[in-house]
Structure formats: C-alpha cells, structure tokens
file input26.cif (mmCIF, C-alpha atoms (C1' of nucleotides))
data_coords
#
loop_
_atom_site.group_PDB
_atom_site.id
_atom_site.type_symbol
_atom_site.label_atom_id
_atom_site.label_comp_id
_atom_site.auth_asym_id
_atom_site.auth_seq_id
_atom_site.Cartn_x
_atom_site.Cartn_y
_atom_site.Cartn_z
ATOM 1 C CA MET A 1 86.739 14.137 11.044
ATOM 2 C CA ARG A 2 85.770 10.485 10.718
ATOM 3 C CA LEU A 3 88.439 8.025 11.906
ATOM 4 C CA ALA A 4 88.200 4.247 11.738
ATOM 5 C CA THR A 5 90.232 1.200 12.708
ATOM 6 C CA TRP A 6 89.894 -2.207 11.084
ATOM 7 C CA ASN A 7 91.836 -5.447 11.400
ATOM 8 C CA VAL A 8 91.290 -6.699 7.837
ATOM 9 C CA ASN A 9 92.979 -10.111 8.276
ATOM 10 C CA SER A 10 94.853 -9.982 4.943
ATOM 11 C CA LEU A 11 94.456 -6.945 2.702
ATOM 12 C CA ARG A 12 95.082 -9.137 -0.336
ATOM 13 C CA ALA A 13 92.055 -11.270 0.538
ATOM 14 C CA ARG A 14 89.974 -8.221 1.539
ATOM 15 C CA LEU A 15 90.920 -5.384 -0.844
ATOM 16 C CA GLU A 16 87.669 -5.288 -2.800
ATOM 17 C CA ARG A 17 85.627 -5.303 0.394
ATOM 18 C CA VAL A 18 87.803 -2.558 1.925
ATOM 19 C CA GLU A 19 87.464 -0.397 -1.201
ATOM 20 C CA GLU A 20 83.674 -0.729 -1.194
ATOM 21 C CA TRP A 21 83.598 0.067 2.510
ATOM 22 C CA LEU A 22 85.738 3.202 2.033
ATOM 23 C CA VAL A 23 83.361 4.475 -0.654
ATOM 24 C CA GLU A 24 80.324 3.777 1.526
ATOM 25 C CA VAL A 25 81.612 5.011 4.901
ATOM 26 C CA GLN A 26 83.889 7.821 3.669
ATOM 27 C CA PRO A 27 86.282 7.876 6.615
ATOM 28 C CA ASP A 28 88.950 10.599 6.626
ATOM 29 C CA VAL A 29 91.538 8.489 8.438
ATOM 30 C CA VAL A 30 91.705 4.681 8.482
ATOM 31 C CA CYS A 31 94.034 2.489 10.525
ATOM 32 C CA LEU A 32 94.429 -1.038 9.159
ATOM 33 C CA GLN A 33 95.958 -4.029 10.900
ATOM 34 C CA GLU A 34 97.018 -7.465 9.677
ATOM 35 C CA THR A 35 97.564 -6.405 6.077
ATOM 36 C CA LYS A 36 99.845 -9.463 5.772
ATOM 37 C CA LEU A 37 101.685 -7.688 2.957
ATOM 38 C CA ALA A 38 105.247 -6.641 2.234
ATOM 39 C CA ASP A 39 105.578 -2.891 1.611
ATOM 40 C CA ASP A 40 106.111 -3.396 -2.143
ATOM 41 C CA ALA A 41 102.803 -5.297 -2.382
ATOM 42 C CA PHE A 42 100.754 -2.625 -0.583
ATOM 43 C CA PRO A 43 98.060 -1.271 -2.963
ATOM 44 C CA ALA A 44 98.838 2.433 -2.440
ATOM 45 C CA LEU A 45 97.552 3.320 -5.937
ATOM 46 C CA ALA A 46 94.152 1.736 -5.285
ATOM 47 C CA PHE A 47 93.783 3.898 -2.172
ATOM 48 C CA GLN A 48 95.164 6.956 -3.957
ATOM 49 C CA SER A 49 92.430 6.619 -6.589
ATOM 50 C CA LEU A 50 89.903 6.817 -3.733
ATOM 51 C CA GLY A 51 91.520 9.996 -2.429
ATOM 52 C CA TYR A 52 93.795 8.581 0.274
ATOM 53 C CA GLU A 53 97.437 9.104 1.009
ATOM 54 C CA SER A 54 98.835 6.045 2.734
ATOM 55 C CA ALA A 55 101.729 4.743 4.788
ATOM 56 C CA HIS A 56 102.339 1.041 5.312
ATOM 57 C CA PHE A 57 104.698 -0.903 7.556
ATOM 58 C CA GLY A 58 104.655 -4.542 6.564
ATOM 59 C CA GLN A 59 106.677 -7.700 6.540
ATOM 60 C CA GLY A 60 104.726 -10.157 4.352
ATOM 61 C CA GLN A 61 103.070 -13.315 5.654
ATOM 62 C CA TRP A 62 102.014 -11.912 9.056
ATOM 63 C CA ASN A 63 101.217 -8.632 10.806
ATOM 64 C CA GLY A 64 101.458 -5.380 8.829
ATOM 65 C CA VAL A 65 99.841 -2.029 9.698
ATOM 66 C CA ALA A 66 98.817 0.963 7.593
ATOM 67 C CA ILE A 67 97.325 4.436 7.883
ATOM 68 C CA LEU A 68 95.180 5.955 5.121
ATOM 69 C CA SER A 69 94.326 9.644 5.217
ATOM 70 C CA LYS A 70 92.370 12.232 3.239
ATOM 71 C CA VAL A 71 93.457 15.028 5.579
ATOM 72 C CA GLY A 72 97.247 14.883 5.281
ATOM 73 C CA LEU A 73 99.798 12.298 6.339
ATOM 74 C CA THR A 74 103.103 13.492 7.740
ATOM 75 C CA ASP A 75 105.792 12.635 10.288
ATOM 76 C CA VAL A 76 105.489 8.885 9.735
ATOM 77 C CA VAL A 77 107.244 6.602 12.203
ATOM 78 C CA ALA A 78 107.344 2.895 11.303
ATOM 79 C CA ASN A 79 107.914 0.606 14.316
ATOM 80 C CA PHE A 80 108.583 2.038 17.795
ATOM 81 C CA ALA A 81 110.277 5.427 17.936
ATOM 82 C CA PRO A 82 114.084 5.498 17.957
ATOM 83 C CA GLY A 83 115.405 4.839 21.445
ATOM 84 C CA ILE A 84 112.979 1.981 22.103
ATOM 85 C CA ASP A 85 114.026 -1.630 21.597
ATOM 86 C CA PRO A 86 112.730 -2.183 18.024
ATOM 87 C CA ASP A 87 110.040 -4.776 17.431
ATOM 88 C CA PRO A 88 110.995 -7.583 15.024
ATOM 89 C CA ASP A 89 107.366 -7.626 13.839
ATOM 90 C CA ALA A 90 105.554 -4.939 11.818
ATOM 91 C CA ARG A 91 102.938 -3.966 14.415
ATOM 92 C CA VAL A 92 102.916 -0.199 14.876
ATOM 93 C CA ILE A 93 102.934 2.834 12.598
ATOM 94 C CA THR A 94 102.448 6.466 13.561
ATOM 95 C CA ALA A 95 101.532 9.534 11.495
ATOM 96 C CA THR A 96 100.006 12.980 11.834
ATOM 97 C CA CYS A 97 96.687 13.332 9.998
ATOM 98 C CA GLY A 98 94.738 16.589 10.095
ATOM 99 C CA GLU A 99 96.500 17.883 13.222
ATOM 100 C CA VAL A 100 95.879 14.615 15.080
ATOM 101 C CA ARG A 101 98.793 12.318 15.950
ATOM 102 C CA VAL A 102 97.621 8.798 15.088
ATOM 103 C CA VAL A 103 99.208 5.582 16.396
ATOM 104 C CA CYS A 104 97.960 2.455 14.606
ATOM 105 C CA CYS A 105 98.841 -0.720 16.455
ATOM 106 C CA TYR A 106 98.431 -4.471 16.247
ATOM 107 C CA VAL A 107 99.140 -5.741 19.761
ATOM 108 C CA PRO A 108 100.501 -9.321 19.940
ATOM 109 C CA ASN A 109 97.834 -11.952 20.613
ATOM 110 C CA GLY A 110 99.664 -13.614 23.512
ATOM 111 C CA ARG A 111 98.430 -17.122 22.626
ATOM 112 C CA ALA A 112 98.383 -18.447 26.238
ATOM 113 C CA LEU A 113 99.493 -17.158 29.640
ATOM 114 C CA ALA A 114 102.328 -19.725 29.819
ATOM 115 C CA ASP A 115 103.541 -19.037 26.277
ATOM 116 C CA PRO A 116 106.641 -16.857 25.736
ATOM 117 C CA HIS A 117 104.491 -14.912 23.285
ATOM 118 C CA TYR A 118 102.454 -13.663 26.258
ATOM 119 C CA ASP A 119 105.575 -12.122 27.858
ATOM 120 C CA TYR A 120 106.295 -10.557 24.475
ATOM 121 C CA LYS A 121 102.746 -9.110 24.528
ATOM 122 C CA LEU A 122 103.321 -7.518 27.954
ATOM 123 C CA SER A 123 106.706 -6.097 26.977
ATOM 124 C CA TRP A 124 105.202 -4.862 23.705
ATOM 125 C CA LEU A 125 102.566 -2.933 25.670
ATOM 126 C CA ASP A 126 105.285 -1.437 27.897
ATOM 127 C CA ARG A 127 107.140 -0.306 24.786
ATOM 128 C CA LEU A 128 103.943 1.145 23.282
ATOM 129 C CA HIS A 129 103.615 3.172 26.489
ATOM 130 C CA GLN A 130 107.168 4.520 26.049
ATOM 131 C CA HIS A 131 106.442 5.171 22.368
ATOM 132 C CA LEU A 132 103.536 7.506 23.172
ATOM 133 C CA GLY A 133 105.819 9.748 25.223
ATOM 134 C CA LEU A 134 108.258 9.991 22.310
ATOM 135 C CA VAL A 135 105.789 10.711 19.490
ATOM 136 C CA SER A 136 103.244 12.768 21.452
ATOM 137 C CA ALA A 137 102.207 13.997 24.907
ATOM 138 C CA PRO A 138 99.047 13.750 27.046
ATOM 139 C CA GLY A 139 98.245 17.416 26.322
ATOM 140 C CA ASP A 140 98.297 16.894 22.533
ATOM 141 C CA ALA A 141 95.612 15.656 20.149
ATOM 142 C CA LEU A 142 96.506 11.947 19.999
ATOM 143 C CA VAL A 143 94.627 8.827 18.946
ATOM 144 C CA VAL A 144 96.006 5.383 19.775
ATOM 145 C CA THR A 145 93.956 2.790 17.945
ATOM 146 C CA GLY A 146 93.974 -0.690 16.544
ATOM 147 C CA ASP A 147 93.618 -4.318 17.523
ATOM 148 C CA PHE A 148 94.682 -4.388 21.183
ATOM 149 C CA ASN A 149 93.886 -8.079 21.697
ATOM 150 C CA ILE A 150 92.673 -7.010 25.159
ATOM 151 C CA ALA A 151 89.056 -6.750 26.305
ATOM 152 C CA PRO A 152 89.180 -3.792 28.734
ATOM 153 C CA THR A 153 86.546 -5.191 31.134
ATOM 154 C CA ASP A 154 84.310 -8.237 31.473
ATOM 155 C CA ALA A 155 81.528 -6.145 29.895
ATOM 156 C CA ASP A 156 83.552 -6.474 26.680
ATOM 157 C CA VAL A 157 83.496 -10.298 26.775
ATOM 158 C CA TYR A 158 80.507 -12.424 25.754
ATOM 159 C CA ASP A 159 81.103 -14.999 28.494
ATOM 160 C CA PRO A 160 83.854 -14.101 30.991
ATOM 161 C CA ARG A 161 83.682 -17.600 32.542
ATOM 162 C CA LYS A 162 84.909 -19.085 29.264
ATOM 163 C CA PHE A 163 87.956 -16.810 29.336
ATOM 164 C CA ALA A 164 89.132 -17.662 32.852
ATOM 165 C CA GLY A 165 92.901 -18.114 32.666
ATOM 166 C CA ALA A 166 93.066 -16.961 29.072
ATOM 167 C CA THR A 167 94.750 -14.105 27.264
ATOM 168 C CA HIS A 168 92.755 -10.995 26.272
ATOM 169 C CA VAL A 169 91.271 -10.694 29.796
ATOM 170 C CA SER A 170 94.210 -11.400 32.143
ATOM 171 C CA GLU A 171 95.033 -8.881 34.854
ATOM 172 C CA PRO A 172 98.630 -8.090 33.720
ATOM 173 C CA GLU A 173 97.572 -7.105 30.214
ATOM 174 C CA ARG A 174 94.552 -5.169 31.496
ATOM 175 C CA GLN A 175 96.933 -3.344 33.872
ATOM 176 C CA ARG A 176 99.114 -2.356 30.898
ATOM 177 C CA LEU A 177 96.034 -1.000 29.137
ATOM 178 C CA ALA A 178 94.994 0.823 32.317
ATOM 179 C CA ALA A 179 98.476 2.381 32.462
ATOM 180 C CA LEU A 180 97.950 3.783 28.961
ATOM 181 C CA ILE A 181 94.588 5.188 30.083
ATOM 182 C CA ASP A 182 96.231 6.677 33.190
ATOM 183 C CA TRP A 183 98.868 8.297 30.987
ATOM 184 C CA GLY A 184 96.080 10.381 29.469
ATOM 185 C CA LEU A 185 93.809 8.413 27.145
ATOM 186 C CA VAL A 186 90.082 7.640 27.058
ATOM 187 C CA ASP A 187 88.319 4.649 25.452
ATOM 188 C CA LEU A 188 86.188 6.674 23.039
ATOM 189 C CA PHE A 189 83.591 3.978 22.334
ATOM 190 C CA ARG A 190 83.025 3.455 26.069
ATOM 191 C CA LEU A 191 82.902 7.209 26.637
ATOM 192 C CA GLN A 192 80.092 7.461 24.083
ATOM 193 C CA HIS A 193 78.295 4.296 25.238
ATOM 194 C CA PRO A 194 79.053 3.745 28.955
ATOM 195 C CA ASP A 195 76.269 1.209 29.483
ATOM 196 C CA SER A 196 76.156 -0.634 26.151
ATOM 197 C CA GLU A 197 76.372 -4.402 26.535
ATOM 198 C CA ARG A 198 77.240 -7.159 24.086
ATOM 199 C CA VAL A 199 78.970 -4.793 21.661
ATOM 200 C CA TYR A 200 81.961 -6.589 20.178
ATOM 201 C CA SER A 201 84.488 -5.976 17.420
ATOM 202 C CA TRP A 202 85.877 -9.506 16.941
ATOM 203 C CA TRP A 203 84.235 -12.916 16.647
ATOM 204 C CA ASP A 204 85.975 -16.250 16.109
ATOM 205 C CA TYR A 205 85.346 -17.568 12.598
ATOM 206 C CA ARG A 206 84.507 -20.949 14.091
ATOM 207 C CA ALA A 207 81.262 -22.384 15.365
ATOM 208 C CA GLY A 208 79.114 -19.516 14.065
ATOM 209 C CA ASP A 209 80.314 -17.220 16.829
ATOM 210 C CA PHE A 210 79.404 -14.019 14.971
ATOM 211 C CA HIS A 211 75.820 -15.087 14.371
ATOM 212 C CA GLN A 212 75.543 -16.336 17.961
ATOM 213 C CA GLY A 213 76.815 -13.020 19.337
ATOM 214 C CA ARG A 214 79.895 -14.592 20.918
ATOM 215 C CA GLY A 215 82.577 -11.931 20.587
ATOM 216 C CA LEU A 216 85.026 -9.615 22.288
ATOM 217 C CA ARG A 217 85.491 -5.843 22.099
ATOM 218 C CA ILE A 218 89.246 -5.732 21.515
ATOM 219 C CA ASP A 219 89.521 -3.111 18.756
ATOM 220 C CA LEU A 220 89.800 0.201 20.546
ATOM 221 C CA VAL A 221 90.092 3.876 19.739
ATOM 222 C CA LEU A 222 91.822 5.679 22.596
ATOM 223 C CA GLY A 223 92.121 9.465 22.558
ATOM 224 C CA THR A 224 93.639 12.193 24.709
ATOM 225 C CA SER A 225 91.248 14.731 26.232
ATOM 226 C CA ALA A 226 91.900 17.110 23.311
ATOM 227 C CA VAL A 227 90.349 14.398 21.104
ATOM 228 C CA ALA A 228 87.694 13.182 23.550
ATOM 229 C CA ASP A 229 86.404 16.772 23.811
ATOM 230 C CA ARG A 230 85.684 16.610 20.061
ATOM 231 C CA LEU A 231 83.897 13.224 20.174
ATOM 232 C CA GLU A 232 80.586 13.286 18.364
ATOM 233 C CA TRP A 233 79.805 9.611 17.795
ATOM 234 C CA SER A 234 81.331 6.155 17.944
ATOM 235 C CA VAL A 235 80.085 2.860 16.538
ATOM 236 C CA VAL A 236 81.138 -0.670 15.646
ATOM 237 C CA ASP A 237 80.265 -1.300 11.991
ATOM 238 C CA ARG A 238 78.871 -4.821 12.286
ATOM 239 C CA ASN A 239 77.640 -4.705 8.677
ATOM 240 C CA ALA A 240 81.254 -5.003 7.538
ATOM 241 C CA ARG A 241 81.461 -8.383 9.324
ATOM 242 C CA LYS A 242 78.520 -9.787 7.326
ATOM 243 C CA GLY A 243 78.289 -11.385 3.884
ATOM 244 C CA LYS A 244 80.845 -13.268 1.840
ATOM 245 C CA SER A 245 84.391 -13.705 3.234
ATOM 246 C CA PRO A 246 84.486 -11.022 5.916
ATOM 247 C CA SER A 247 87.390 -10.305 8.234
ATOM 248 C CA ASP A 248 86.937 -11.765 11.710
ATOM 249 C CA HIS A 249 86.983 -8.136 12.977
ATOM 250 C CA ALA A 250 84.487 -5.321 12.373
ATOM 251 C CA PRO A 251 85.655 -1.715 11.923
ATOM 252 C CA VAL A 252 85.254 0.754 14.779
ATOM 253 C CA ILE A 253 84.375 4.285 13.687
ATOM 254 C CA VAL A 254 84.601 7.570 15.606
ATOM 255 C CA ASP A 255 83.366 10.955 14.437
ATOM 256 C CA LEU A 256 85.175 13.997 15.801
ATOM 257 C CA LEU A 257 83.905 17.560 15.532
ATOM 258 C "C1'" DA B 1 85.691 -32.469 26.363
ATOM 259 C "C1'" DT B 2 86.811 -31.410 21.873
ATOM 260 C "C1'" DG B 3 86.693 -28.884 17.790
ATOM 261 C "C1'" DG B 4 84.820 -25.991 15.094
ATOM 262 C "C1'" DT B 5 87.140 -21.544 10.354
ATOM 263 C "C1'" DA B 6 90.153 -18.609 7.813
ATOM 264 C "C1'" DG B 7 94.589 -16.895 5.707
ATOM 265 C "C1'" DA B 8 99.300 -17.451 4.989
ATOM 266 C "C1'" DG B 9 101.694 -20.873 1.674
ATOM 267 C "C1'" DC B 10 102.068 -25.870 0.435
ATOM 268 C "C1'" DA B 11 103.453 -28.483 6.061
ATOM 269 C "C1'" DT B 12 102.041 -26.286 9.387
ATOM 270 C "C1'" DC B 13 101.787 -21.791 11.826
ATOM 271 C "C1'" DT B 14 98.917 -17.987 13.491
ATOM 272 C "C1'" DA B 15 94.778 -16.238 15.107
#
call {"tool": "encode", "arguments": {"input": "input26.cif", "output": "structure tokens"}}
result
Amino acid sequence: MRLATWNVNSLRARLERVEEWLVEVQPDVVCLQETKLADDAFPALAFQSLGYESAHFGQGQWNGVAILSKVGLTDVVANFAPGIDPDPDARVITATCGEVRVVCCYVPNGRALADPHYDYKLSWLDRLHQHLGLVSAPGDALVVTGDFNIAPTDADVYDPRKFAGATHVSEPERQRLAALIDWGLVDLFRLQHPDSERVYSWWDYRAGDFHQGRGLRIDLVLGTSAVADRLEWSVVDRNARKGKSPSDHAPVIVDLL
DNA sequence: ATGGTAGAGCATCTA
C-alpha cells in the first residue's frame, strides 16, 4: 500500500498538478492539507474519476484537510473525536483505509512563541494526543500524518541557528511530538533513513529557498509498530515542488508491504 | 537588518 501526505496550499490553485501527480505516483491513500475549500467546493468527482473515494473537512479561505483512498474509506471522523474540545478550524480528519486507521492533520503554525496562536498550537497537539486514544490504540495499525509544522530535530532544519527562538523547533512543541512518539508511533521517514541529512519537505517561497536547499522537514508520516513493521520505502517527492506554481510543500510517500 | 513569494480575496491576513 502506497500512502502519501501533501500540503497542497490551495487545492483550487493546485488541482491540475495534484491530478497529474496522482496519475504518475499512483498512491493508494493520500492525505491533503490546506485545501482552502469549503466542503461543497471540494472536487470529489475529479478524484472519483481517478479511482479515489474521498472525505473532506473544510471551511473555505483557510485550512481544510482531506483523505483520498483507493482501498476503502470508512469510519470518517471530521475534527477531533467527540469528547474533545472541538477545534474551530478544519485541521484534522480521520478515516479507515485498507485496514489502516489514518489521521490526516494540519497542525497550527504557531506564528511566534509570544503569539496566542503558539499556545493554540500546543493545546492543539495535546488534543491530537487525546484524539489518537479515542480513534485508535497503540496496538492497532495507525498512521498519523500531515503538516506538523514541527521539525523533529535539528537534523530536519537547514540552519538551526536561524531558527533560535522560533516556532517549528521550540522545545515545548518538540516535547508534544515526542509524547506522540512515546504513545506508540515511529517517524517512518527517519526509520527508513536514519542518517539522511538535508532532506526537507517545505521551503519558503521567498528568496529562492527551494533552489538553495533551505528547508525544513515538517511533513511527517508517523505509524504504530504494526505499520512500521510493514515499511518498505519512504521518500520526499521533491519533483512535485519543481516547475510552474508548485505548493511550498513536497509530498512525502511511504510504501507499506 | 530587512525583505524577499504565494494564496486567500480585494485590505490585509496567513504562511
């Protein structure tokens, strides 16, 4: 089973590119973030014609997450599971695809450590942690994937000195990510490539950062051991970040046996 | 040290 995550930064602006990519890469399950669409504008028919069932949780202008699947799509939960303080934003959707529970998330950016949005980011991560216990369990086949807006370690940052005091690398958010790992998840890209350096999934549009190799690895695919045991390959698809009007993120792909 | 780009929607906000 081939599973991918991609922050498309507006599905309206990126649909043609996403369609071409689906045909080329042939993933079985795709998690999309930042669709920036309301549910009634989501192009479910375009994906259906390519063989995908889909579920979308959107709000319009900002955010918006979706799961596409060729291997079944059931037990959809939009937003955090009942019992958790609901998120006003459309940032998480959960479904079961081919016997794997899949959580697709768009973690808040945080903006700056002193910004209230950063506290929202930390509380959001705490609620994601609770969510996992309600929709799955560490002994199950579970994938938690998406744009985490956290670089797990300094090896995932092109120049850690430039990020001193910034979001994406701060200790409190890394601790929240570590708590998810401790709960029973593995960073599948890092499992496959423990020593790879300068592999990123996001580059700022500005100042030619992509072409200069100035990026962060913030798009993650986390899996329980039942999933990690099936890991065959993992890669960042940098080709999808090239050419005319790309997203600022590249897809991350994992192949499971 | 600052600002550089892109997408939302039409003045800025978000990233």
call {"tool": "atom_distance", "arguments": {"input": "input26.cif", "atom1": "CA of Thr35 in chain A", "atom2": "CA of Asp85 in chain A"}}
result
23.1 Å
call {"tool": "atom_distance", "arguments": {"input": "input26.cif", "atom1": "CA of Phe57 in chain A", "atom2": "CA of Val18 in chain A"}}
result
17.9 Å
call {"tool": "resolve_selection", "arguments": {"input": "input26.cif", "expression": "the PyMOL selection byres ((chain A) within 6 of (chain B))", "output": "list in words"}}
result
Gln61, Tyr205, Arg206 and Ala207 of chain A
call {"tool": "resolve_selection", "arguments": {"input": "input26.cif", "expression": "the PyMOL selection byres ((chain A and resi 2) around 10)", "output": "MDAnalysis selection string"}}
result
chainID A and resid 1 3:4 25:30 232:234 253:257
call {"tool": "atom_distance", "arguments": {"input": "input26.cif", "atom1": "CA of Leu128 in chain A", "atom2": "CA of Gly215 in chain A"}}
result
25.2 Å
call {"tool": "resolve_selection", "arguments": {"input": "input26.cif", "expression": "the PyMOL selection byres ((chain A and resi 135) around 12)", "output": "PyMOL selection string"}}
result
chain A and resi 75-84+93-96+100-103+128-134+136-138+140-144
call {"tool": "write_last_selection", "arguments": {"input": "input26.cif", "atoms": "C-alpha atoms", "output": "mmCIF file, in the frame of the given file"}}
result
data_model
loop_
_atom_site.group_PDB
_atom_site.id
_atom_site.type_symbol
_atom_site.label_atom_id
_atom_site.label_comp_id
_atom_site.auth_asym_id
_atom_site.auth_seq_id
_atom_site.Cartn_x
_atom_site.Cartn_y
_atom_site.Cartn_z
ATOM 1 C CA ASP A 75 105.792 12.635 10.288
ATOM 2 C CA VAL A 76 105.489 8.885 9.735
ATOM 3 C CA VAL A 77 107.244 6.602 12.203
ATOM 4 C CA ALA A 78 107.344 2.895 11.303
ATOM 5 C CA ASN A 79 107.914 0.606 14.316
ATOM 6 C CA PHE A 80 108.583 2.038 17.795
ATOM 7 C CA ALA A 81 110.277 5.427 17.936
ATOM 8 C CA PRO A 82 114.084 5.498 17.957
ATOM 9 C CA GLY A 83 115.405 4.839 21.445
ATOM 10 C CA ILE A 84 112.979 1.981 22.103
ATOM 11 C CA ILE A 93 102.934 2.834 12.598
ATOM 12 C CA THR A 94 102.448 6.466 13.561
ATOM 13 C CA ALA A 95 101.532 9.534 11.495
ATOM 14 C CA THR A 96 100.006 12.980 11.834
ATOM 15 C CA VAL A 100 95.879 14.615 15.080
ATOM 16 C CA ARG A 101 98.793 12.318 15.950
ATOM 17 C CA VAL A 102 97.621 8.798 15.088
ATOM 18 C CA VAL A 103 99.208 5.582 16.396
ATOM 19 C CA LEU A 128 103.943 1.145 23.282
ATOM 20 C CA HIS A 129 103.615 3.172 26.489
ATOM 21 C CA GLN A 130 107.168 4.520 26.049
ATOM 22 C CA HIS A 131 106.442 5.171 22.368
ATOM 23 C CA LEU A 132 103.536 7.506 23.172
ATOM 24 C CA GLY A 133 105.819 9.748 25.223
ATOM 25 C CA LEU A 134 108.258 9.991 22.310
ATOM 26 C CA SER A 136 103.244 12.768 21.452
ATOM 27 C CA ALA A 137 102.207 13.997 24.907
ATOM 28 C CA PRO A 138 99.047 13.750 27.046
ATOM 29 C CA ASP A 140 98.297 16.894 22.533
ATOM 30 C CA ALA A 141 95.612 15.656 20.149
ATOM 31 C CA LEU A 142 96.506 11.947 19.999
ATOM 32 C CA VAL A 143 94.627 8.827 18.946
ATOM 33 C CA VAL A 144 96.006 5.383 19.775
#
call {"tool": "residues_around", "arguments": {"input": "input26.cif", "residues": "Ala178 in chain A", "least_positions_apart": "4", "cutoff": "12 Å", "atoms": "only C-alpha atoms (C1' of nucleotides)", "output": "PyMOL selection string"}}
result
chain A and resi 125-126+129+150-153+171-174+182-187+222
call {"tool": "closest_residue", "arguments": {"input": "input26.cif", "among": "A:Ser245, A:Ser196, A:Ser10, A:Ser201", "to": "Asp147 in chain A", "atoms": "all atoms listed in the file"}}
result
A:Ser201
call {"tool": "axis_aligned_box", "arguments": {"input": "input26.cif", "around": "range 8-11 of chain B", "padding_each_side": "5 Å", "output": "lines of an AutoDock Vina configuration file"}}
result
center_x = 101.4
center_y = -23.0
center_z = 3.2
size_x = 14.2
size_y = 21.0
size_z = 15.6
